[in-house]
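Novice: Just so it is clear, I am handing over target14.txt, which has compact mmCIF, C-alpha atoms.
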# COMPACT_ATOMS: atom_id res chain seq x y z
CA MET A 1 105.69 100.87 77.48
CA LYS A 2 106.80 98.78 80.41
CA ASP A 3 109.89 97.50 78.70
CA GLU A 4 111.17 100.88 77.64
CA ILE A 5 114.46 101.96 79.14
CA ILE A 6 114.20 104.85 81.59
CA LEU A 7 117.85 104.97 82.58
CA ALA A 8 120.94 103.98 80.63
CA CYS A 9 124.58 104.42 81.67
CA LYS A 10 127.37 103.61 79.27
CA ASP A 11 131.09 103.44 80.15
CA LEU A 12 130.35 105.78 83.01
CA THR A 13 133.51 106.84 84.82
CA LYS A 14 134.00 109.34 87.62
CA ARG A 15 137.28 110.00 89.39
CA PHE A 16 138.01 112.02 92.48
CA GLY A 17 141.72 112.65 92.26
CA ALA A 18 143.39 109.26 92.35
CA ILE A 19 140.20 107.50 93.42
CA CYS A 20 138.06 106.01 90.71
CA ALA A 21 134.57 106.12 92.20
CA LEU A 22 132.83 104.77 89.10
CA ASP A 23 134.73 102.63 86.68
CA ASN A 24 133.17 102.08 83.24
CA MET A 25 129.79 101.50 84.82
CA GLU A 26 127.14 99.94 82.59
CA LEU A 27 123.53 100.00 83.67
CA GLN A 28 120.09 99.90 82.11
CA LEU A 29 116.85 100.22 84.04
CA LYS A 30 113.41 99.68 82.61
CA LYS A 31 110.25 101.58 83.37
CA GLY A 32 107.97 100.40 86.13
CA ARG A 33 110.54 98.77 88.38
CA ILE A 34 111.62 99.19 91.96
CA VAL A 35 115.35 98.62 91.94
CA GLY A 36 117.78 98.26 94.83
CA LEU A 37 121.23 99.75 94.36
CA LEU A 38 123.33 97.71 96.73
CA GLY A 39 126.95 97.94 97.63
CA PRO A 40 129.18 98.42 100.63
CA ASN A 41 130.19 101.85 101.84
CA GLY A 42 132.36 103.61 99.30
CA SER A 43 131.34 101.42 96.37
CA GLY A 44 130.02 104.35 94.33
CA LYS A 45 126.27 104.36 95.08
CA THR A 46 125.97 108.03 95.95
CA THR A 47 128.33 109.05 93.15
CA LEU A 48 126.17 107.21 90.63
CA ILE A 49 123.00 108.85 91.94
CA LYS A 50 124.57 112.31 91.86
CA LEU A 51 125.71 111.75 88.28
CA ILE A 52 122.23 110.68 87.18
CA ASN A 53 120.88 113.71 88.92
CA GLY A 54 123.29 116.11 87.22
CA LEU A 55 124.98 117.15 90.47
CA LEU A 56 128.24 115.67 89.24
CA TYR A 57 129.58 115.51 85.72
CA PRO A 58 131.08 112.28 84.38
CA ASP A 59 134.76 112.14 83.41
CA GLU A 60 133.92 109.62 80.71
CA GLY A 61 130.85 107.92 79.38
CA HIS A 62 127.21 108.87 79.12
CA ILE A 63 123.92 108.82 80.98
CA TRP A 64 120.49 109.00 79.39
CA ILE A 65 117.29 109.46 81.31
CA ASP A 66 114.36 108.65 79.09
CA GLY A 67 116.77 109.24 76.20
CA VAL A 68 118.03 112.62 77.39
CA GLU A 69 121.37 113.44 79.05
CA PRO A 70 121.12 115.00 82.54
CA GLY A 71 120.23 118.67 82.42
CA VAL A 72 117.40 121.09 83.02
CA PHE A 73 114.83 118.85 81.36
CA THR A 74 115.75 115.69 83.25
CA LYS A 75 115.37 117.50 86.57
CA SER A 76 111.68 117.82 85.75
CA ILE A 77 111.27 114.06 85.50
CA VAL A 78 113.68 112.93 88.22
CA SER A 79 112.75 113.13 91.89
CA TYR A 80 115.75 112.92 94.18
CA LEU A 81 116.03 112.15 97.86
CA PRO A 82 119.57 113.07 98.90
CA ASP A 83 121.40 111.30 101.68
CA LYS A 84 121.52 114.59 103.56
CA MET A 85 118.92 117.13 104.57
CA TYR A 86 119.16 120.14 102.30
CA PHE A 87 116.27 122.36 103.36
CA ALA A 88 116.66 125.62 105.25
CA ASP A 89 115.61 124.77 108.78
CA TRP A 90 113.85 128.10 109.40
CA MET A 91 111.19 127.06 106.88
CA LYS A 92 107.88 125.65 108.03
CA VAL A 93 106.63 122.34 106.71
CA LYS A 94 103.87 124.10 104.80
CA ASP A 95 106.40 126.56 103.32
CA LEU A 96 108.30 123.61 101.94
CA LEU A 97 105.17 122.26 100.30
CA GLU A 98 104.68 125.62 98.59
CA PHE A 99 108.34 125.73 97.67
CA PHE A 100 108.04 122.36 95.96
CA GLU A 101 104.83 123.38 94.26
CA ASP A 102 106.59 126.41 92.77
CA PHE A 103 109.56 124.36 91.71
CA TYR A 104 108.04 121.23 90.23
CA LEU A 105 105.12 121.06 87.84
CA ASP A 106 104.53 117.42 88.74
CA PHE A 107 104.24 118.08 92.49
CA ASP A 108 100.90 117.06 93.97
CA LYS A 109 100.47 119.32 96.98
CA ASN A 110 97.22 117.71 98.10
CA ARG A 111 98.78 114.30 98.18
CA ALA A 112 101.73 115.67 100.16
CA MET A 113 99.39 117.36 102.63
CA GLU A 114 97.42 114.15 103.08
CA MET A 115 100.59 112.23 103.92
CA ILE A 116 101.80 114.96 106.30
CA ARG A 117 98.46 114.76 108.11
CA ALA A 118 98.51 110.96 108.15
CA LEU A 119 101.86 111.21 109.90
CA SER A 120 100.41 113.66 112.45
CA ILE A 121 102.98 116.28 111.56
CA ASP A 122 101.90 119.86 112.21
CA PRO A 123 102.47 121.78 108.96
CA GLU A 124 102.95 125.00 110.94
CA LEU A 125 106.09 123.68 112.63
CA LYS A 126 109.50 124.85 111.56
CA MET A 127 111.88 122.24 110.20
CA LYS A 128 114.42 122.92 112.95
CA SER A 129 111.90 121.96 115.62
CA LEU A 130 111.39 118.49 114.13
CA SER A 131 113.30 115.37 115.12
CA LYS A 132 115.76 113.87 112.69
CA GLY A 133 113.37 111.03 111.83
CA THR A 134 110.45 113.40 111.25
CA LYS A 135 112.58 115.63 109.02
CA GLU A 136 113.45 112.59 106.94
CA LYS A 137 109.78 111.69 106.67
CA VAL A 138 108.89 115.19 105.49
CA GLN A 139 111.64 115.04 102.93
CA LEU A 140 110.44 111.68 101.64
CA VAL A 141 106.84 112.91 101.45
CA LEU A 142 108.00 115.83 99.29
CA VAL A 143 110.03 113.60 97.00
CA MET A 144 107.35 110.93 96.60
CA SER A 145 104.56 113.47 96.03
CA ARG A 146 105.99 114.26 92.63
CA LYS A 147 104.76 112.30 89.65
CA ALA A 148 108.26 111.70 88.38
CA LYS A 149 109.47 109.11 85.90
CA LEU A 150 112.53 108.25 87.93
CA TYR A 151 112.86 108.42 91.71
CA LEU A 152 116.35 108.32 93.17
CA LEU A 153 116.31 107.55 96.87
CA ASP A 154 119.75 107.69 98.45
CA GLU A 155 119.77 105.73 101.72
CA PRO A 156 116.17 106.49 102.64
CA ILE A 157 116.04 104.02 105.52
CA ALA A 158 119.39 104.59 107.16
CA GLY A 159 119.02 105.86 110.68
CA VAL A 160 115.26 105.71 111.11
CA ASP A 161 113.30 103.57 113.55
CA PRO A 162 111.42 100.45 112.36
CA ALA A 163 108.06 102.23 112.30
CA ALA A 164 109.47 105.02 110.15
CA ARG A 165 111.12 102.45 107.93
CA ASP A 166 107.74 100.75 107.42
CA PHE A 167 106.24 104.11 106.59
CA ILE A 168 108.93 104.74 104.00
CA LEU A 169 108.46 101.35 102.34
CA HIS A 170 104.71 101.81 102.45
CA THR A 171 105.03 105.24 100.87
CA VAL A 172 107.20 103.91 98.08
CA LEU A 173 104.73 101.09 97.40
CA THR A 174 101.55 103.14 97.52
CA ASN A 175 102.93 105.91 95.35
CA TYR A 176 104.32 103.42 92.93
CA ASP A 177 103.18 104.14 89.44
CA PRO A 178 103.48 101.42 86.80
CA GLY A 179 105.19 103.86 84.45
CA SER A 180 107.89 105.07 86.80
CA THR A 181 111.02 103.52 88.22
CA VAL A 182 112.37 103.83 91.75
CA LEU A 183 116.08 103.38 92.43
CA ILE A 184 116.81 102.89 96.13
CA SER A 185 120.37 102.81 97.36
CA THR A 186 120.94 101.05 100.64
CA HIS A 187 123.07 98.60 102.51
CA LEU A 188 120.16 97.52 104.74
CA ILE A 189 119.03 94.90 102.28
CA SER A 190 116.88 92.61 104.37
CA ASP A 191 114.57 95.53 105.13
CA VAL A 192 113.87 96.42 101.51
CA GLU A 193 114.30 93.12 99.71
CA ARG A 194 110.59 92.28 99.54
CA ILE A 195 109.63 95.51 97.82
CA LEU A 196 112.27 95.27 95.10
CA ASP A 197 111.87 93.89 91.57
CA GLU A 198 115.56 93.88 90.84
CA VAL A 199 118.86 94.51 92.47
CA VAL A 200 122.09 95.97 91.18
CA PHE A 201 125.22 95.07 93.12
CA ILE A 202 128.02 97.53 92.73
CA LYS A 203 131.55 96.97 93.80
CA GLN A 204 134.45 99.36 93.36
CA GLY A 205 132.47 101.43 90.91
CA LYS A 206 131.40 98.56 88.68
CA ASN A 207 128.06 96.86 88.13
CA ILE A 208 128.85 93.26 89.09
CA LEU A 209 125.35 91.80 89.24
CA HIS A 210 121.96 92.88 87.94
CA ASP A 211 119.11 90.42 88.38
CA SER A 212 115.60 90.06 89.70
CA VAL A 213 115.16 89.31 93.40
CA ASP A 214 113.06 86.23 92.75
CA ARG A 215 115.51 84.85 90.22
CA ILE A 216 118.35 85.26 92.70
CA ARG A 217 116.29 83.42 95.31
CA GLU A 218 115.36 80.72 92.79
CA THR A 219 118.86 80.07 91.49
CA THR A 220 120.85 80.46 94.71
CA ASN A 221 118.26 79.45 97.33
CA LYS A 222 119.47 82.45 99.23
CA SER A 223 117.98 85.76 100.02
CA VAL A 224 119.62 88.76 98.37
CA ASP A 225 120.76 89.81 101.82
CA VAL A 226 122.65 86.55 102.37
CA LEU A 227 124.13 86.62 98.86
CA PHE A 228 125.29 90.17 99.42
CA ARG A 229 127.03 89.28 102.67
CA GLU A 230 128.76 86.36 100.99
CA MET A 231 129.91 88.33 97.99
CA PHE A 232 131.16 91.31 99.88
CA SER A 233 132.65 89.68 102.93
CA MET A 234 135.53 88.60 100.69
CA ILE A 235 136.71 92.09 99.98
CA PRO A 236 139.67 93.21 102.00
CA LYS A 237 140.92 96.77 102.45
CA VAL A 238 137.87 98.88 101.65
CA GLN A 239 136.38 99.47 105.05
CA ASP A 240 133.89 101.97 106.41
CA GLY A 241 134.09 104.05 103.28
CA PHE A 242 137.57 105.15 104.24
CA VAL A 243 139.54 104.54 101.11
CA ARG A 244 143.07 105.71 100.79
CA PRO A 245 144.13 106.98 97.38
CA GLY A 246 145.30 104.04 95.31
CA ASP A 247 143.47 101.34 97.28
CA LEU A 248 140.95 100.64 94.60
CA ARG A 249 143.36 100.75 91.73
CA SER A 250 146.32 99.02 93.29
CA ALA A 251 144.67 95.69 93.88
CA PRO A 252 144.99 93.68 90.67
CA GLU A 253 145.86 90.55 92.66
CA GLN A 254 142.49 90.74 94.44
CA GLU A 255 140.55 90.96 91.25
CA GLY A 256 142.68 88.36 89.54
CA SER A 257 142.08 85.88 92.31
CA ARG A 258 138.36 85.88 91.72
CA PRO A 259 137.75 86.53 88.03
CA HIS A 260 134.74 84.18 88.06
CA LEU A 261 132.74 86.66 90.08
CA GLU A 262 132.63 89.33 87.45
CA ASN A 263 132.63 87.10 84.41
CA GLU A 264 129.86 84.84 85.56
CA THR A 265 127.48 87.23 87.11
CA GLN A 266 127.79 90.40 85.16
CA ASN A 267 124.78 91.37 83.10
CA THR A 268 122.97 88.07 83.54
CA TYR A 269 119.81 90.07 83.76
CA ARG A 270 120.18 91.82 80.45
CA GLU A 271 121.17 88.69 78.63
CA GLU A 272 118.05 86.90 79.68
CA GLU A 273 115.86 89.83 78.75
CA ASN A 274 117.26 89.85 75.26
CA GLN A 275 116.31 86.31 74.48
CA MET B 1 95.72 88.65 106.58
CA GLU B 2 99.11 87.78 108.09
CA TRP B 3 101.92 87.38 105.61
CA LYS B 4 104.98 85.37 106.46
CA LEU B 5 108.00 85.47 104.21
CA VAL B 6 111.10 83.43 104.78
CA GLU B 7 114.61 83.78 103.44
CA GLY B 8 115.94 81.89 100.50
CA ARG B 9 112.73 81.05 98.63
CA PRO B 10 111.26 83.13 95.84
CA ILE B 11 108.85 85.66 97.31
CA TRP B 12 106.17 85.18 94.68
CA ILE B 13 105.91 81.44 95.43
CA GLN B 14 105.43 82.15 99.12
CA LEU B 15 102.75 84.71 98.34
CA TYR B 16 101.05 82.27 95.99
CA GLU B 17 100.98 79.52 98.61
CA GLN B 18 99.49 81.84 101.20
CA LEU B 19 96.84 83.05 98.79
CA VAL B 20 95.87 79.46 97.93
CA TYR B 21 95.57 78.79 101.64
CA ALA B 22 93.37 81.85 102.08
CA ILE B 23 91.06 80.66 99.30
CA VAL B 24 90.69 77.01 100.32
CA SER B 25 90.22 77.94 103.96
CA GLY B 26 87.27 80.10 102.93
CA ARG B 27 88.73 83.49 103.69
CA TYR B 28 87.92 84.44 100.12
CA PRO B 29 84.77 82.42 99.36
CA CYS B 30 83.74 80.95 96.03
CA GLY B 31 82.67 83.57 93.56
CA SER B 32 83.78 86.50 95.71
CA ARG B 33 85.75 89.49 94.49
CA PHE B 34 89.45 89.27 95.08
CA PRO B 35 91.36 92.33 96.35
CA SER B 36 93.41 94.26 93.80
CA VAL B 37 97.11 93.76 93.18
CA ARG B 38 97.86 97.12 94.70
CA GLU B 39 95.82 96.41 97.81
CA LEU B 40 97.40 93.03 98.40
CA ALA B 41 100.91 94.30 97.66
CA SER B 42 100.54 97.13 100.09
CA GLN B 43 99.08 94.79 102.72
CA ALA B 44 101.94 92.32 102.38
CA GLN B 45 104.46 95.14 101.90
CA VAL B 46 105.81 93.60 98.75
CA ASN B 47 106.49 94.78 95.25
CA PRO B 48 103.30 94.94 93.14
CA ASN B 49 104.98 93.10 90.27
CA THR B 50 105.82 90.24 92.63
CA MET B 51 102.22 90.11 93.85
CA GLN B 52 101.04 90.22 90.25
CA ARG B 53 103.10 87.14 89.53
CA ALA B 54 101.54 85.27 92.46
CA LEU B 55 98.05 86.27 91.29
CA SER B 56 98.76 85.19 87.71
CA GLN B 57 99.69 81.81 89.13
CA LEU B 58 96.32 81.67 90.91
CA ASP B 59 94.66 82.34 87.56
CA ALA B 60 96.78 79.65 85.93
CA ALA B 61 95.77 77.18 88.65
CA GLY B 62 92.13 78.00 87.94
CA LEU B 63 91.49 79.24 91.47
CA THR B 64 90.73 82.75 90.29
CA TYR B 65 89.85 84.35 87.00
CA THR B 66 90.00 87.86 85.67
CA GLN B 67 87.42 89.72 83.70
CA ARG B 68 88.64 92.58 81.66
CA THR B 69 86.69 95.22 83.48
CA ASP B 70 85.81 93.63 86.74
CA GLY B 71 89.03 92.65 88.45
CA ARG B 72 89.70 89.22 89.83
CA THR B 73 87.13 86.75 91.15
CA VAL B 74 87.48 83.49 93.08
CA THR B 75 86.29 80.55 90.99
CA GLU B 76 82.76 79.20 91.44
CA ASN B 77 84.07 75.75 90.64
CA GLN B 78 84.01 73.89 93.96
CA THR B 79 85.92 70.95 92.50
CA VAL B 80 88.97 73.06 91.72
CA ILE B 81 89.00 74.44 95.24
CA GLU B 82 88.49 70.99 96.75
CA ILE B 83 91.45 69.62 94.78
CA ALA B 84 93.68 72.44 96.02
CA ARG B 85 92.38 71.83 99.55
CA ARG B 86 93.18 68.13 99.34
CA THR B 87 96.69 68.90 98.15
CA LEU B 88 97.29 71.08 101.19
CA ALA B 89 95.66 68.47 103.45
CA LYS B 90 98.02 65.84 102.10
CA GLU B 91 100.97 68.06 102.91
CA GLU B 92 99.70 68.42 106.47
CA ILE B 93 99.36 64.65 106.79
CA PHE B 94 102.86 64.04 105.49
CA ARG B 95 104.17 66.67 107.84
CA TYR B 96 102.56 64.83 110.78
CA LEU B 97 103.77 61.41 109.71
CA ASN B 98 107.23 62.72 109.04
CA GLY B 99 107.38 64.39 112.42
CA MET B 100 106.34 61.15 114.13
CA LYS B 101 108.89 59.21 112.10
CA ASN B 102 111.61 61.59 113.22
CA LEU B 103 110.52 60.93 116.80
CA GLY B 104 110.98 57.20 116.15
CA TYR B 105 107.36 56.03 115.78
CA GLU B 106 106.20 53.54 113.16
CA LYS B 107 103.38 54.53 110.85
CA ALA B 108 100.90 52.27 112.62
CA GLN B 109 101.86 53.73 115.98
CA ALA B 110 101.48 57.25 114.63
CA VAL B 111 97.97 56.43 113.39
CA ALA B 112 97.01 54.73 116.65
CA MET B 113 98.24 57.69 118.68
CA LEU B 114 96.30 60.06 116.50
CA GLU B 115 93.13 58.05 117.02
CA GLU B 116 93.76 57.91 120.73
CA GLU B 117 94.13 61.69 120.83
CA LEU B 118 90.89 62.11 118.88
CA ALA B 119 89.06 59.77 121.27
CA HIS B 120 90.21 61.97 124.17
CA GLU B 121 88.94 65.07 122.45
CA GLY B 122 85.74 63.11 121.98
Could you take the file, read its structure, and then write that structure out as structure tokens?

Specialist:
Amino acid sequence: MKDEIILACKDLTKRFGAICALDNMELQLKKGRIVGLLGPNGSGKTTLIKLINGLLYPDEGHIWIDGVEPGVFTKSIVSYLPDKMYFADWMKVKDLLEFFEDFYLDFDKNRAMEMIRALSIDPELKMKSLSKGTKEKVQLVLVMSRKAKLYLLDEPIAGVDPAARDFILHTVLTNYDPGSTVLISTHLISDVERILDEVVFIKQGKNILHDSVDRIRETTNKSVDVLFREMFSMIPKVQDGFVRPGDLRSAPEQEGSRPHLENETQNTYREEENQ
Amino acid sequence: MEWKLVEGRPIWIQLYEQLVYAIVSGRYPCGSRFPSVRELASQAQVNPNTMQRALSQLDAAGLTYTQRTDGRTVTENQTVIEIARRTLAKEEIFRYLNGMKNLGYEKAQAVAMLEEELAHEG
């Protein structure tokens, strides 16, 4: 069961006007893995997650989650932590628990309540009275209290303090189920590296590297964090997620100057698995 | 147990080394039950699959063994543990000698100074 594919993307392309956010993306994730989705701002991380989640529709290509294309069914097996808060802030914490219980068959309300208590959050409080960090914790508790097959966590550790970050990593680890896969997008790699099985580097909407953390450390003698900085420090133009139309497409000379990067590293992970 | 992980080396190897140390130093005595993968992973804040790999290596080294129903146990074989302990002791000795060499002392001087220090401790 462990080697079954939970997520497959084939030739996945998504454009926003002239900007190609995902460019023939290929990706396969197996069950039972914690995977880091790493890339600089504007590389397509959130777009990919929204496509998997059915919030966006691909222009080309396909996605299968446990063999099924995104739709009503896949929402029942995918648990999604968006990069923004999406709850009505007049709701109380306990209302949200009930809301989730109504919505998702796989939601374990007792487990959620236990975590809320462990965090010393008063379930009677309204969301709007909570601090930003506490709101994020509540949201993560809700998402991780589902027994989903695929968890999509979009930037779960951005903008929280170190204690909250530890809580988040701890929550991911303790709720880890050998049959489910967790995909965490982040650019704060050093913080999450030790909890990951594998990493996927994406650059300009393409999967440029997919390998296990330990194999990267073994073959490069570098941490994933250091490798990431090296690989991405070479990219000019795309800065702070502010991409002008045409930037990504109009740079053939950049890609041509470093063809080895894509050719050598792409899909090394899959090739080895197939042996 | 304190876990220290450094950059640039595979995580599972570092976990393995620290687990060996914990066994030979008597933290997990001969024949005692070993904590579960999940417990250790959560303690070290690492991926359970990575911890599993470190534990499999302990099994392979003969320091622990698994019974189908009963989890993982530290070996009762004192010899195996002693060999692992000696290996670590050797590393410590080399580290000392190397450090002294880098400070410009000959081997004989390093040994003499060590003895002198021990005599002081008395």

Novice: Name the residues in contact with region 144-160 of chain A at a cut-off of 7 Å, using only C-alpha atoms, excluding same-chain residues fewer than 6 positions from it; report them as a list in words.

Specialist: Thr46, Ile49, Ile77, Val78, Ser79, Tyr80, Leu81, Pro82, Asp83, Asp106, Phe107, Asp108, Arg111, Ala112, Gly133, Asn175, Gly179, Ser180, Thr181, Val182, Leu183, Ile184, Ser185 and Thr186 of chain A

Novice: Quick one: everything within 10 Å of Lys10 (chain A), counting only C-alpha atoms, minus sequence neighbours fewer than 3 positions away in the same chain. Send it as a PyMOL selection string.

Specialist: chain A and resi 13+24-28+60-64

Novice: With all atoms listed in the file considered, list every residue of chain A at most 8 Å from chain B, as a ChimeraX atom specification.

Specialist: /A:34,169-170,173-174,194-197,213-215,217-218,220-223

Novice: Just want the 12 Å neighbourhood of Arg86 (chain B), counted on all atoms listed in the file, with same-chain residues fewer than 4 positions away dropped. Output as a VMD selection string.

Specialist: chain B and resid 20 to 21 24 to 25 79 to 82 90 to 93

Novice: How about saving the chosen residues, C-alpha atoms kept, as a PDB file, in the coordinates of the input?

Specialist:
ATOM      1  CA  VAL B  20      95.870  79.460  97.930  1.00  0.00           C
ATOM      2  CA  TYR B  21      95.570  78.790 101.640  1.00  0.00           C
ATOM      3  CA  VAL B  24      90.690  77.010 100.320  1.00  0.00           C
ATOM      4  CA  SER B  25      90.220  77.940 103.960  1.00  0.00           C
ATOM      5  CA  THR B  79      85.920  70.950  92.500  1.00  0.00           C
ATOM      6  CA  VAL B  80      88.970  73.060  91.720  1.00  0.00           C
ATOM      7  CA  ILE B  81      89.000  74.440  95.240  1.00  0.00           C
ATOM      8  CA  GLU B  82      88.490  70.990  96.750  1.00  0.00           C
ATOM      9  CA  LYS B  90      98.020  65.840 102.100  1.00  0.00           C
ATOM     10  CA  GLU B  91     100.970  68.060 102.910  1.00  0.00           C
ATOM     11  CA  GLU B  92      99.700  68.420 106.470  1.00  0.00           C
ATOM     12  CA  ILE B  93      99.360  64.650 106.790  1.00  0.00           C
TER      13      ILE B  93
END

Novice: For region 114-117 of chain A, I'd like the enclosing box, axis-aligned and padded by 6 Å on every side, reported as AutoDock Vina command-line options with centre and edge lengths in Å to one decimal.

Specialist:
--center_x 99.6 --center_y 113.6 --center_z 105.6 --size_x 16.4 --size_y 14.7 --size_z 17.0

Novice: Can you work out the spacing between CA of Gln14 (chain B) and CA of Thr73 (chain B) in Å, to one decimal?

Specialist: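 Calculated distance between CA of Gln14 (chain B) and CA of Thr73 (chain B) is 20.5 Å.
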
Novice: List every protein, DNA or RNA residue with an atom no more than 10 Å from (104.7, 123.5, 105.2) in the file's coordinates, counting all atoms listed in the file, and format the result as a PDB file with C-alpha atoms, in the frame of the given file.

Specialist:
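Contents of the output file result.pdb:
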ATOM      1  CA  MET A  91     111.190 127.060 106.880  1.00  0.00           C
ATOM      2  CA  LYS A  92     107.880 125.650 108.030  1.00  0.00           C
ATOM      3  CA  VAL A  93     106.630 122.340 106.710  1.00  0.00           C
ATOM      4  CA  LYS A  94     103.870 124.100 104.800  1.00  0.00           C
ATOM      5  CA  ASP A  95     106.400 126.560 103.320  1.00  0.00           C
ATOM      6  CA  LEU A  96     108.300 123.610 101.940  1.00  0.00           C
ATOM      7  CA  LEU A  97     105.170 122.260 100.300  1.00  0.00           C
ATOM      8  CA  GLU A  98     104.680 125.620  98.590  1.00  0.00           C
ATOM      9  CA  PHE A  99     108.340 125.730  97.670  1.00  0.00           C
ATOM     10  CA  PHE A 100     108.040 122.360  95.960  1.00  0.00           C
ATOM     11  CA  ALA A 112     101.730 115.670 100.160  1.00  0.00           C
ATOM     12  CA  MET A 113      99.390 117.360 102.630  1.00  0.00           C
ATOM     13  CA  ILE A 116     101.800 114.960 106.300  1.00  0.00           C
ATOM     14  CA  ILE A 121     102.980 116.280 111.560  1.00  0.00           C
ATOM     15  CA  ASP A 122     101.900 119.860 112.210  1.00  0.00           C
ATOM     16  CA  PRO A 123     102.470 121.780 108.960  1.00  0.00           C
ATOM     17  CA  GLU A 124     102.950 125.000 110.940  1.00  0.00           C
ATOM     18  CA  LEU A 125     106.090 123.680 112.630  1.00  0.00           C
ATOM     19  CA  LYS A 126     109.500 124.850 111.560  1.00  0.00           C
ATOM     20  CA  MET A 127     111.880 122.240 110.200  1.00  0.00           C
ATOM     21  CA  VAL A 138     108.890 115.190 105.490  1.00  0.00           C
TER      22      VAL A 138
END

Novice: Mind giving me the straight-line distance from CA of Ala118 (chain A) to CA of Gln139 (chain A) in Å, one decimal?

Specialist: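 Atom-to-atom, CA of Ala118 (chain A) and CA of Gln139 (chain A) are spaced 14.7 Å apart.
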
Novice: What is the CA of Lys137 (chain A) to CA of Ala164 (chain A) distance in Å?

Specialist: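 According to the coordinates, CA of Lys137 (chain A) and CA of Ala164 (chain A) are separated by 7.5 Å.
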